[in-house]
$ cat entry-v4.cif   # mmCIF, C-alpha atoms and all ligand atoms
data_target
#
loop_
_atom_site.group_PDB
_atom_site.id
_atom_site.type_symbol
_atom_site.label_atom_id
_atom_site.label_comp_id
_atom_site.auth_asym_id
_atom_site.auth_seq_id
_atom_site.Cartn_x
_atom_site.Cartn_y
_atom_site.Cartn_z
ATOM 1 C CA MET A 1 0.000 0.000 0.000
ATOM 2 C CA ALA A 2 1.249 3.525 -0.787
ATOM 3 C CA GLN A 3 2.263 5.389 2.370
ATOM 4 C CA VAL A 4 2.041 9.119 2.869
ATOM 5 C CA ASP A 5 5.086 11.178 3.732
ATOM 6 C CA ALA A 6 5.389 11.902 7.444
ATOM 7 C CA SER A 7 7.165 15.240 6.961
ATOM 8 C CA LEU A 8 4.161 17.504 6.583
ATOM 9 C CA THR A 9 5.226 21.016 5.687
ATOM 10 C CA ILE A 10 2.451 22.729 7.571
ATOM 11 C CA ASP A 11 2.213 24.724 10.768
ATOM 12 C CA ALA A 12 0.348 22.345 13.043
ATOM 13 C CA SER A 13 0.822 20.511 16.313
ATOM 14 C CA GLU A 14 2.255 17.000 16.286
ATOM 15 C CA GLN A 15 -1.193 15.769 17.322
ATOM 16 C CA VAL A 16 -2.831 17.280 14.219
ATOM 17 C CA LYS A 17 -0.044 16.049 11.934
ATOM 18 C CA ALA A 18 -0.436 12.527 13.317
ATOM 19 C CA LEU A 19 -4.206 12.675 12.741
ATOM 20 C CA LEU A 20 -3.708 13.865 9.154
ATOM 21 C CA LEU A 21 -1.278 11.053 8.411
ATOM 22 C CA ARG A 22 -3.607 8.469 9.939
ATOM 23 C CA LEU A 23 -6.547 9.723 7.856
ATOM 24 C CA HIS A 24 -4.508 9.916 4.627
ATOM 25 C CA ASN A 25 -3.315 6.370 5.156
ATOM 26 C CA SER A 26 -6.792 5.018 5.808
ATOM 27 C CA SER A 27 -8.139 6.812 2.724
ATOM 28 C CA LEU A 28 -5.356 5.326 0.569
ATOM 29 C CA ALA A 29 -6.024 1.845 1.966
ATOM 30 C CA GLN A 30 -9.760 2.188 1.235
ATOM 31 C CA GLU A 31 -9.116 3.381 -2.311
ATOM 32 C CA GLU A 32 -6.715 0.534 -2.989
ATOM 33 C CA GLU A 33 -9.443 -1.899 -1.914
ATOM 34 C CA LEU A 34 -12.098 -0.017 -3.908
ATOM 35 C CA ASN A 35 -10.043 -0.052 -7.104
ATOM 36 C CA LYS A 36 -9.504 -3.821 -7.087
ATOM 37 C CA PRO A 37 -11.431 -5.121 -10.064
ATOM 38 C CA ASP A 38 -14.584 -6.906 -8.911
ATOM 39 C CA GLU A 39 -18.090 -7.635 -10.071
ATOM 40 C CA LYS A 40 -19.653 -4.641 -8.298
ATOM 41 C CA LEU A 41 -17.327 -2.223 -10.040
ATOM 42 C CA SER A 42 -17.909 -3.792 -13.479
ATOM 43 C CA THR A 43 -21.694 -3.636 -12.949
ATOM 44 C CA LEU A 44 -21.395 0.026 -11.973
ATOM 45 C CA LYS A 45 -19.283 0.868 -15.018
ATOM 46 C CA ALA A 46 -21.769 -0.889 -17.311
ATOM 47 C CA LEU A 47 -24.727 0.959 -15.744
ATOM 48 C CA LYS A 48 -22.895 4.280 -16.078
ATOM 49 C CA ALA A 49 -22.172 3.623 -19.766
ATOM 50 C CA LYS A 50 -25.849 2.796 -20.385
ATOM 51 C CA GLY A 51 -26.943 5.848 -18.410
ATOM 52 C CA ASP A 52 -24.582 8.126 -20.363
ATOM 53 C CA ALA A 53 -26.094 6.687 -23.551
ATOM 54 C CA GLY A 54 -29.546 7.882 -22.447
ATOM 55 C CA ASP A 55 -31.031 4.940 -20.477
ATOM 56 C CA ALA A 56 -32.771 6.712 -17.573
ATOM 57 C CA THR A 57 -33.443 3.496 -15.574
ATOM 58 C CA ALA A 58 -29.776 2.498 -15.791
ATOM 59 C CA LEU A 59 -28.761 5.996 -14.716
ATOM 60 C CA ALA A 60 -31.055 5.841 -11.647
ATOM 61 C CA ASP A 61 -29.717 2.352 -10.766
ATOM 62 C CA TYR A 62 -26.169 3.604 -11.189
ATOM 63 C CA GLN A 63 -26.809 6.588 -8.910
ATOM 64 C CA ARG A 64 -28.326 4.391 -6.174
ATOM 65 C CA GLN A 65 -25.574 1.765 -6.315
ATOM 66 C CA PHE A 66 -22.855 4.436 -6.485
ATOM 67 C CA ASP A 67 -24.269 6.196 -3.396
ATOM 68 C CA ASP A 68 -24.456 2.855 -1.523
ATOM 69 C CA LEU A 69 -20.853 2.024 -2.407
ATOM 70 C CA MET A 70 -19.527 5.463 -1.449
ATOM 71 C CA ARG A 71 -21.478 5.819 1.813
ATOM 72 C CA ASP A 72 -18.524 4.688 3.973
ATOM 73 C CA LYS A 73 -15.681 5.808 1.689
ATOM 74 C CA MET A 74 -13.484 8.809 2.433
ATOM 75 C CA ILE A 75 -12.254 9.534 -1.120
ATOM 76 C CA ALA A 76 -10.046 12.171 0.488
ATOM 77 C CA LEU A 77 -7.918 14.694 -1.324
ATOM 78 C CA GLU A 78 -4.408 13.270 -1.715
ATOM 79 C CA GLN A 79 -1.748 14.655 0.604
ATOM 80 C CA ASP A 80 0.232 16.552 -2.056
ATOM 81 C CA LYS A 81 -2.927 18.353 -3.213
ATOM 82 C CA ALA A 82 -4.022 19.056 0.356
ATOM 83 C CA LEU A 83 -0.627 20.593 1.139
ATOM 84 C CA PHE A 84 -0.832 22.747 -1.992
ATOM 85 C CA VAL A 85 -4.310 23.928 -1.006
ATOM 86 C CA TYR A 86 -3.144 24.735 2.539
ATOM 87 C CA HIS A 87 -0.164 26.786 1.341
ATOM 88 C CA LEU A 88 -2.263 28.507 -1.306
ATOM 89 C CA CYS A 89 -4.860 29.537 1.289
ATOM 90 C CA ARG A 90 -2.081 30.825 3.545
ATOM 91 C CA ALA A 91 -0.579 32.825 0.642
ATOM 92 C CA LEU A 92 -4.011 34.276 -0.210
ATOM 93 C CA SER A 93 -4.687 35.152 3.448
ATOM 94 C CA ALA A 94 -8.013 33.386 2.875
ATOM 95 C CA THR A 95 -10.417 33.583 5.796
ATOM 96 C CA ARG A 96 -13.722 32.861 4.035
ATOM 97 C CA ILE A 97 -13.581 29.446 2.471
ATOM 98 C CA VAL A 98 -16.233 27.106 1.119
ATOM 99 C CA GLU A 99 -15.555 23.408 0.726
ATOM 100 C CA ALA A 100 -17.875 21.566 -1.649
ATOM 101 C CA GLY A 101 -17.646 17.950 -0.471
ATOM 102 C CA THR A 102 -16.307 17.240 3.019
ATOM 103 C CA SER A 103 -16.658 13.498 3.587
ATOM 104 C CA PHE A 104 -14.746 12.509 6.785
ATOM 105 C CA GLY A 105 -13.330 16.038 7.060
ATOM 106 C CA LEU A 106 -9.700 15.457 6.066
ATOM 107 C CA SER A 107 -9.221 18.302 3.538
ATOM 108 C CA THR A 108 -11.286 20.526 5.855
ATOM 109 C CA ILE A 109 -8.559 20.187 8.499
ATOM 110 C CA TYR A 110 -6.006 21.724 6.121
ATOM 111 C CA LEU A 111 -8.420 24.527 5.217
ATOM 112 C CA ALA A 112 -9.259 25.213 8.860
ATOM 113 C CA LEU A 113 -5.574 25.351 9.843
ATOM 114 C CA ALA A 114 -5.001 27.948 7.113
ATOM 115 C CA VAL A 115 -8.071 29.984 8.089
ATOM 116 C CA GLY A 116 -7.141 29.976 11.783
ATOM 117 C CA GLN A 117 -3.572 30.992 11.053
ATOM 118 C CA ASN A 118 -4.664 33.731 8.634
ATOM 119 C CA ALA A 119 -7.286 34.996 11.100
ATOM 120 C CA SER A 120 -4.679 35.286 13.850
ATOM 121 C CA LYS A 121 -3.105 38.112 11.830
ATOM 122 C CA LEU A 122 -6.349 40.117 11.685
ATOM 123 C CA ASP A 123 -7.775 42.311 14.387
ATOM 124 C CA PRO A 124 -10.114 40.245 16.594
ATOM 125 C CA GLU A 125 -13.270 41.886 15.220
ATOM 126 C CA GLN A 126 -12.406 40.954 11.594
ATOM 127 C CA GLY A 127 -11.134 37.545 12.667
ATOM 128 C CA LYS A 128 -14.563 36.681 14.082
ATOM 129 C CA ALA A 129 -15.978 36.121 10.574
ATOM 130 C CA ALA A 130 -13.188 33.750 9.527
ATOM 131 C CA LYS A 131 -14.407 30.239 8.769
ATOM 132 C CA VAL A 132 -14.495 27.242 6.492
ATOM 133 C CA ILE A 133 -18.008 26.328 5.425
ATOM 134 C CA ALA A 134 -17.905 22.555 5.018
ATOM 135 C CA THR A 135 -20.685 20.622 3.237
ATOM 136 C CA GLU A 136 -21.705 16.980 3.479
ATOM 137 C CA ASN A 137 -24.975 15.218 2.758
ATOM 138 C CA GLU A 138 -24.199 11.778 4.211
ATOM 139 C CA ALA A 139 -25.130 11.934 7.906
ATOM 140 C CA SER A 140 -22.718 9.119 8.859
ATOM 141 C CA LYS A 141 -19.815 10.973 7.198
ATOM 142 C CA ALA A 142 -20.756 14.215 8.939
ATOM 143 C CA ILE A 143 -20.590 12.445 12.321
ATOM 144 C CA LEU A 144 -17.087 11.147 11.578
ATOM 145 C CA ALA A 145 -15.954 14.533 10.262
ATOM 146 C CA ARG A 146 -17.040 16.192 13.521
ATOM 147 C CA GLN A 147 -15.177 13.521 15.524
ATOM 148 C CA HIS A 148 -11.993 14.152 13.545
ATOM 149 C CA TRP A 149 -12.226 17.927 14.013
ATOM 150 C CA LYS A 150 -12.824 17.456 17.733
ATOM 151 C CA GLU A 151 -9.766 15.216 17.895
ATOM 152 C CA ALA A 152 -7.752 17.875 15.993
ATOM 153 C CA GLY A 153 -8.755 20.365 18.672
ATOM 154 C CA VAL A 154 -8.508 24.091 19.015
ATOM 155 C CA GLU A 155 -6.290 24.707 15.944
ATOM 156 C CA VAL A 156 -9.032 23.317 13.737
ATOM 157 C CA GLU A 157 -12.488 22.775 15.245
ATOM 158 C CA PRO A 158 -13.474 26.412 15.999
ATOM 159 C CA TRP A 159 -12.906 27.464 12.380
ATOM 160 C CA ILE A 160 -15.389 25.087 10.780
ATOM 161 C CA GLU A 161 -19.112 25.476 10.180
ATOM 162 C CA LEU A 162 -20.512 22.215 8.815
ATOM 163 C CA ARG A 163 -23.649 22.483 6.701
ATOM 164 C CA GLU A 164 -25.270 19.075 6.595
ATOM 165 C CA GLY A 165 -27.526 18.097 3.702
ATOM 166 C CA ASP A 166 -27.520 18.680 -0.033
ATOM 167 C CA LEU A 167 -25.288 21.685 -0.669
ATOM 168 C CA ARG A 168 -27.664 22.906 -3.353
ATOM 169 C CA GLN A 169 -29.909 23.760 -0.401
ATOM 170 C CA THR A 170 -27.410 24.394 2.385
ATOM 171 C CA LEU A 171 -25.415 26.931 0.364
ATOM 172 C CA ALA A 172 -28.502 28.702 -0.950
ATOM 173 C CA SER A 173 -28.392 31.287 1.850
ATOM 174 C CA ASN A 174 -26.196 32.786 4.585
ATOM 175 C CA LEU A 175 -22.986 32.938 2.601
ATOM 176 C CA PRO A 176 -20.080 35.207 3.537
ATOM 177 C CA MET A 177 -20.170 38.492 1.627
ATOM 178 C CA GLU A 178 -16.790 37.912 -0.005
ATOM 179 C CA ILE A 179 -15.601 34.339 -0.466
ATOM 180 C CA ASP A 180 -11.806 34.039 -0.897
ATOM 181 C CA PHE A 181 -11.423 30.401 -1.815
ATOM 182 C CA VAL A 182 -13.524 27.402 -2.884
ATOM 183 C CA LEU A 183 -12.481 23.752 -2.980
ATOM 184 C CA PHE A 184 -14.568 21.582 -5.316
ATOM 185 C CA ASP A 185 -13.993 18.001 -4.202
ATOM 186 C CA ILE A 186 -17.431 16.617 -4.897
ATOM 187 C CA TRP A 187 -19.333 14.456 -7.383
ATOM 188 C CA THR A 188 -19.011 16.390 -10.634
ATOM 189 C CA PRO A 189 -22.744 17.069 -11.307
ATOM 190 C CA MET A 190 -22.680 19.276 -8.178
ATOM 191 C CA VAL A 191 -19.913 21.614 -9.364
ATOM 192 C CA VAL A 192 -21.825 24.018 -11.608
ATOM 193 C CA PRO A 193 -24.926 24.253 -9.371
ATOM 194 C CA THR A 194 -22.590 25.102 -6.476
ATOM 195 C CA LEU A 195 -20.639 27.649 -8.480
ATOM 196 C CA ARG A 196 -23.869 29.365 -9.526
ATOM 197 C CA LEU A 197 -24.846 29.712 -5.848
ATOM 198 C CA LEU A 198 -21.446 31.014 -4.770
ATOM 199 C CA GLU A 199 -20.629 33.272 -7.704
ATOM 200 C CA PRO A 200 -22.514 36.382 -6.487
ATOM 201 C CA ASN A 201 -20.450 36.242 -3.292
ATOM 202 C CA LEU A 202 -17.036 35.476 -4.777
ATOM 203 C CA LYS A 203 -14.461 38.136 -4.069
ATOM 204 C CA LYS A 204 -12.730 39.607 -7.118
ATOM 205 C CA GLY A 205 -9.555 37.510 -7.245
ATOM 206 C CA ALA A 206 -11.116 34.529 -5.481
ATOM 207 C CA VAL A 207 -9.462 31.203 -6.252
ATOM 208 C CA LEU A 208 -11.359 28.001 -7.041
ATOM 209 C CA VAL A 209 -9.622 24.626 -6.964
ATOM 210 C CA ALA A 210 -11.315 21.585 -8.516
ATOM 211 C CA ASP A 211 -10.064 18.030 -8.138
ATOM 212 C CA ASN A 212 -9.756 15.317 -10.787
ATOM 213 C CA VAL A 213 -10.625 17.501 -13.756
ATOM 214 C CA THR A 214 -8.598 15.271 -16.099
ATOM 215 C CA SER A 215 -9.505 11.842 -14.736
ATOM 216 C CA SER A 216 -13.202 12.866 -14.581
ATOM 217 C CA ALA A 217 -12.994 15.057 -17.688
ATOM 218 C CA SER A 218 -16.476 14.325 -19.044
ATOM 219 C CA GLY A 219 -17.994 15.098 -15.632
ATOM 220 C CA TYR A 220 -16.449 18.558 -15.780
ATOM 221 C CA ASP A 221 -17.716 19.363 -19.312
ATOM 222 C CA ASP A 222 -20.486 21.611 -17.989
ATOM 223 C CA PHE A 223 -18.032 23.433 -15.674
ATOM 224 C CA HIS A 224 -15.657 24.066 -18.571
ATOM 225 C CA ASP A 225 -18.549 25.182 -20.799
ATOM 226 C CA TYR A 226 -19.704 27.505 -18.031
ATOM 227 C CA ILE A 227 -16.353 29.204 -17.489
ATOM 228 C CA LYS A 228 -15.761 29.394 -21.247
ATOM 229 C CA THR A 229 -18.993 31.343 -21.716
ATOM 230 C CA ARG A 230 -17.757 33.732 -19.034
ATOM 231 C CA ARG A 231 -14.214 34.118 -20.288
ATOM 232 C CA ASN A 232 -14.109 37.706 -19.035
ATOM 233 C CA ALA A 233 -14.695 36.439 -15.478
ATOM 234 C CA TYR A 234 -12.662 33.236 -15.140
ATOM 235 C CA ARG A 235 -9.059 32.327 -15.951
ATOM 236 C CA SER A 236 -8.028 28.789 -15.401
ATOM 237 C CA LEU A 237 -5.196 26.265 -15.729
ATOM 238 C CA VAL A 238 -4.833 22.594 -14.875
ATOM 239 C CA LEU A 239 -1.977 21.716 -12.545
ATOM 240 C CA PRO A 240 -0.278 18.363 -13.167
ATOM 241 C CA TYR A 241 -1.333 16.615 -9.976
ATOM 242 C CA SER A 242 -2.651 13.076 -10.294
ATOM 243 C CA GLY A 243 -6.038 13.230 -12.023
ATOM 244 C CA GLY A 244 -5.556 16.958 -12.743
ATOM 245 C CA LEU A 245 -6.158 19.778 -10.264
ATOM 246 C CA GLU A 246 -7.712 22.866 -11.818
ATOM 247 C CA PHE A 247 -6.787 26.312 -10.528
ATOM 248 C CA THR A 248 -9.271 29.014 -11.495
ATOM 249 C CA ILE A 249 -9.236 32.708 -10.720
ATOM 250 C CA TYR A 250 -12.468 34.691 -10.580
ATOM 251 C CA ASP A 251 -11.618 38.115 -11.933
ATOM 252 C CA PRO A 252 -14.695 39.684 -13.512
HETATM 253 C C1 LIG B 1 -14.537 13.337 -2.744
HETATM 254 S S1 LIG B 1 -15.490 13.342 -1.326
HETATM 255 C C2 LIG B 1 -14.836 14.695 -0.394
HETATM 256 C C3 LIG B 1 -13.504 14.412 0.231
HETATM 257 C C4 LIG B 1 -13.017 15.491 1.173
HETATM 258 N N1 LIG B 1 -12.925 16.763 0.508
HETATM 259 C C5 LIG B 1 -11.653 15.115 1.732
HETATM 260 O O1 LIG B 1 -10.652 15.420 1.087
HETATM 261 O O2 LIG B 1 -11.610 14.510 2.791
HETATM 262 C C6 LIG B 1 -16.987 14.031 -1.906
HETATM 263 C C7 LIG B 1 -18.065 14.138 -0.862
HETATM 264 O O3 LIG B 1 -19.120 14.950 -1.371
HETATM 265 C C8 LIG B 1 -20.326 14.489 -0.784
HETATM 266 N N2 LIG B 1 -21.459 14.950 -1.603
HETATM 267 C C9 LIG B 1 -21.849 14.476 -2.818
HETATM 268 N N3 LIG B 1 -22.938 15.132 -3.260
HETATM 269 C C10 LIG B 1 -23.255 16.046 -2.294
HETATM 270 C C11 LIG B 1 -24.282 17.025 -2.157
HETATM 271 N N4 LIG B 1 -25.213 17.177 -3.100
HETATM 272 N N5 LIG B 1 -24.288 17.814 -1.051
HETATM 273 C C12 LIG B 1 -23.338 17.663 -0.088
HETATM 274 N N6 LIG B 1 -22.344 16.741 -0.163
HETATM 275 C C13 LIG B 1 -22.298 15.938 -1.242
HETATM 276 C C14 LIG B 1 -20.169 12.971 -0.801
HETATM 277 O O4 LIG B 1 -21.017 12.360 0.149
HETATM 278 C C15 LIG B 1 -18.690 12.804 -0.497
HETATM 279 O O5 LIG B 1 -18.489 12.534 0.872
#
$ encode --input "entry-v4.cif" --output "structure tokens" --more "lines below"
Ligand SMILES: C[S@@+](CC[C@H](N)C(=O)[O-])C[C@H]1O[C@@H](n2cnc3c(N)ncnc32)[C@H](O)[C@@H]1O
Amino acid sequence: MAQVDASLTIDASEQVKALLLRLHNSSLAQEEELNKPDEKLSTLKALKAKGDAGDATALADYQRQFDDLMRDKMIALEQDKALFVYHLCRALSATRIVEAGTSFGLSTIYLALAVGQNASKLDPEQGKAAKVIATENEASKAILARQHWKEAGVEVEPWIELREGDLRQTLASNLPMEIDFVLFDIWTPMVVPTLRLLEPNLKKGAVLVADNVTSSASGYDDFHDYIKTRRNAYRSLVLPYSGGLEFTIYDP
């Protein structure tokens, strides 16, 4: 099994670093198991192909079976991407972050560390609004995410507001006035609906990072169409991380 590197280049206590390494390793182990060829995976792929070809029943079956399979899976952002995101948020002095797709809360820990550290440089009144808005619609994952943040402690937990439920509803109101940074690490059909909700509140110069844009290229077609039609507002490049990590600047 692939192991993650123990030398995390982040400002965090040894306790938080140990938690991050433990969670990265369990996510890698789960994914290795998940990617072993088996009947379930072949059935899913076949249903997806039929669904993409227009068979609505196959698409509904695929969605149900996919949700069942993923219910206990972390599918966490890989460590190299998470470190990049952390350092980027530090460099941007981001204090208003939205995470689309939280799962067991691993990437959220990196975002919350950055937000807390950036907020510590603000005056206390401004710092009060600093937070990561995390989003998760699987109740069992939300419970585990909260446990992990509690275990991470004061460097992390106070900076997170978890919105449980479908983010198309939970992000429909009460957004920060100026969002600095968005992480899209979610099933691809959710990306454009989320962006449409967030866009009115994106700060000029906000950065959006989207995971697996190359490995899930067809899933991102509508996102790419959307930003292409608004070329005056979005500039974007794909960074050569595994699966492709897209870096987009909102600059209308
Ligand atoms: C790739 S995982 C997120 C991994 C997480 N960012 C990490 O690195 O630990 C995507 C998550 O998005 C959640 N999700 C999918 N559709 C959603 C929706 N409509 N609303 C909220 N969460 C959703 C899934 O349940 C899944 O846990």
$ residues_around --input "entry-v4.cif" --residues "A:Ala94" --least-positions-apart "3" --cutoff "7 Å" --atoms "only C-alpha atoms" --output "ChimeraX atom specification"
/A:89-90,97,115,118,180-181
$ closest_atom_pairs --input "entry-v4.cif" --of "chain A" --to "ligand LIG 1 (chain B)" --cutoff "7 Å" --atoms "only C-alpha atoms and all ligand atoms" --output "JSON lines"
{"residue": "A:Arg71", "atom": "CA", "partner": "B:LIG1", "partner_atom": "O4", "distance": 6.8}
{"residue": "A:Met74", "atom": "CA", "partner": "B:LIG1", "partner_atom": "O2", "distance": 6.0}
{"residue": "A:Ile75", "atom": "CA", "partner": "B:LIG1", "partner_atom": "C1", "distance": 4.7}
{"residue": "A:Ala76", "atom": "CA", "partner": "B:LIG1", "partner_atom": "O1", "distance": 3.4}
{"residue": "A:Leu77", "atom": "CA", "partner": "B:LIG1", "partner_atom": "O1", "distance": 3.7}
{"residue": "A:Ala100", "atom": "CA", "partner": "B:LIG1", "partner_atom": "O3", "distance": 6.7}
{"residue": "A:Gly101", "atom": "CA", "partner": "B:LIG1", "partner_atom": "O3", "distance": 3.5}
{"residue": "A:Thr102", "atom": "CA", "partner": "B:LIG1", "partner_atom": "C4", "distance": 4.2}
{"residue": "A:Ser103", "atom": "CA", "partner": "B:LIG1", "partner_atom": "O5", "distance": 3.4}
{"residue": "A:Phe104", "atom": "CA", "partner": "B:LIG1", "partner_atom": "O2", "distance": 5.5}
{"residue": "A:Gly105", "atom": "CA", "partner": "B:LIG1", "partner_atom": "O2", "distance": 4.8}
{"residue": "A:Leu106", "atom": "CA", "partner": "B:LIG1", "partner_atom": "O2", "distance": 3.9}
{"residue": "A:Ser107", "atom": "CA", "partner": "B:LIG1", "partner_atom": "O1", "distance": 4.0}
{"residue": "A:Thr108", "atom": "CA", "partner": "B:LIG1", "partner_atom": "N1", "distance": 6.7}
{"residue": "A:Thr135", "atom": "CA", "partner": "B:LIG1", "partner_atom": "C12", "distance": 5.2}
{"residue": "A:Glu136", "atom": "CA", "partner": "B:LIG1", "partner_atom": "N6", "distance": 3.7}
{"residue": "A:Asn137", "atom": "CA", "partner": "B:LIG1", "partner_atom": "C12", "distance": 4.1}
{"residue": "A:Glu138", "atom": "CA", "partner": "B:LIG1", "partner_atom": "O4", "distance": 5.2}
{"residue": "A:Lys141", "atom": "CA", "partner": "B:LIG1", "partner_atom": "O5", "distance": 6.6}
{"residue": "A:Gly165", "atom": "CA", "partner": "B:LIG1", "partner_atom": "C12", "distance": 5.7}
{"residue": "A:Asp166", "atom": "CA", "partner": "B:LIG1", "partner_atom": "N5", "distance": 3.5}
{"residue": "A:Leu167", "atom": "CA", "partner": "B:LIG1", "partner_atom": "N5", "distance": 4.0}
{"residue": "A:Arg168", "atom": "CA", "partner": "B:LIG1", "partner_atom": "N4", "distance": 6.2}
{"residue": "A:Asp185", "atom": "CA", "partner": "B:LIG1", "partner_atom": "C1", "distance": 4.9}
{"residue": "A:Ile186", "atom": "CA", "partner": "B:LIG1", "partner_atom": "C6", "distance": 4.0}
{"residue": "A:Trp187", "atom": "CA", "partner": "B:LIG1", "partner_atom": "C9", "distance": 5.2}
{"residue": "A:Met190", "atom": "CA", "partner": "B:LIG1", "partner_atom": "N4", "distance": 6.1}
$ resolve_selection --input "entry-v4.cif" --expression "the PyMOL selection byres (((chain A and resi 206) around 8) and not hetatm)" --output "ChimeraX atom specification"
/A:179-182,202-205,207-208,249-251
$ resolve_selection --input "entry-v4.cif" --expression "the PyMOL selection byres (((chain A and resi 242) around 12) and not hetatm)" --output "ChimeraX atom specification"
/A:77-81,211-216,238-241,243-246
$ closest_residue --input "entry-v4.cif" --among "A:Glu155, A:Asp61, A:Glu199, A:Glu39" --to "A:Leu175" --atoms "all atoms listed in the file"
A:Glu199
$ axis_aligned_box --input "entry-v4.cif" --around "stretch 22-30 of chain A" --padding-each-side "6 Å" --output "AutoDock Vina command-line options"
--center_x -6.5 --center_y 5.9 --center_z 5.3 --size_x 18.4 --size_y 20.1 --size_z 21.4
$ atom_distance --input "entry-v4.cif" --atom1 "atom CA of A:Pro176" --atom2 "atom CA of A:Leu144"
25.5 Å
$ resolve_selection --input "entry-v4.cif" --expression "the PyMOL selection byres (((chain A and resi 173) around 12) and not hetatm)" --output "list of chain:residue names"
A:Arg163, A:Leu167, A:Arg168, A:Gln169, A:Thr170, A:Leu171, A:Ala172, A:Asn174, A:Leu175, A:Pro176, A:Met177, A:Thr194, A:Leu197, A:Leu198, A:Pro200, A:Asn201
$ residues_around --input "entry-v4.cif" --residues "stretch 220-222 of chain A" --least-positions-apart "2" --cutoff "8 Å" --atoms "all atoms listed in the file" --output "list in words"
Thr188, Pro189, Val191, Val192, Val213, Ser216, Ala217, Ser218, His224, Asp225 and Tyr226 of chain A
$ closest_residue --input "entry-v4.cif" --among "A:Lys73, A:Ala130, A:Val156, A:Ala49" --to "A:Leu28" --atoms "all atoms listed in the file"
A:Lys73
$ atom_distance --input "entry-v4.cif" --atom1 "atom CA of A:Arg146" --atom2 "atom CA of A:Pro158"
11.1 Å
$ closest_residue --input "entry-v4.cif" --among "A:Thr248, A:Tyr110, A:Val209, A:Ala134" --to "A:Phe184" --atoms "all atoms listed in the file"
A:Val209
$ residues_around --input "entry-v4.cif" --residues "A:Tyr86" --least-positions-apart "2" --cutoff "6 Å" --atoms "all atoms listed in the file" --output "PyMOL selection string"
chain A and resi 83-84+88-89+110-111+114
$ atom_distance --input "entry-v4.cif" --atom1 "atom CA of A:Gly127" --atom2 "atom CA of A:Ala112"
13.0 Å
$ closest_residue --input "entry-v4.cif" --among "A:Leu237, A:Ala12, A:Ala119, A:Ile109" --to "A:Leu92" --atoms "all atoms listed in the file"
A:Ala119
$ decode --input "entry-v4.cif" --residues "stretch 172-176 of chain A" --atoms "all heavy atoms" --output "short mmCIF file (atom, residue, chain, number, x, y, z; two decimals), in the first residue's frame"
data_model
loop_
_atom_site.label_atom_id
_atom_site.label_comp_id
_atom_site.auth_asym_id
_atom_site.auth_seq_id
_atom_site.Cartn_x
_atom_site.Cartn_y
_atom_site.Cartn_z
N ALA A 172 -27.61 27.76 -0.26
CA ALA A 172 -28.50 28.70 -0.95
C ALA A 172 -28.69 30.00 -0.17
O ALA A 172 -29.23 30.97 -0.71
CB ALA A 172 -29.86 28.03 -1.21
N SER A 173 -28.25 30.04 1.07
CA SER A 173 -28.39 31.29 1.85
C SER A 173 -27.27 31.37 2.89
O SER A 173 -26.54 30.40 3.11
CB SER A 173 -29.75 31.32 2.56
OG SER A 173 -29.88 30.18 3.38
N ASN A 174 -27.19 32.55 3.51
CA ASN A 174 -26.20 32.79 4.58
C ASN A 174 -24.75 32.51 4.16
O ASN A 174 -24.01 31.80 4.86
CB ASN A 174 -26.51 31.94 5.82
CG ASN A 174 -27.76 32.41 6.50
OD1 ASN A 174 -28.03 33.62 6.52
ND2 ASN A 174 -28.54 31.48 6.99
N LEU A 175 -24.38 33.08 3.03
CA LEU A 175 -22.99 32.94 2.60
C LEU A 175 -22.20 34.17 3.04
O LEU A 175 -22.78 35.26 3.15
CB LEU A 175 -22.93 32.82 1.07
CG LEU A 175 -23.51 31.53 0.49
CD1 LEU A 175 -23.56 31.62 -1.03
CD2 LEU A 175 -22.69 30.32 0.93
N PRO A 176 -20.89 34.01 3.25
CA PRO A 176 -20.08 35.21 3.54
C PRO A 176 -20.18 36.19 2.37
O PRO A 176 -20.35 35.77 1.22
CB PRO A 176 -18.65 34.65 3.63
CG PRO A 176 -18.79 33.18 3.77
CD PRO A 176 -20.11 32.78 3.19
#
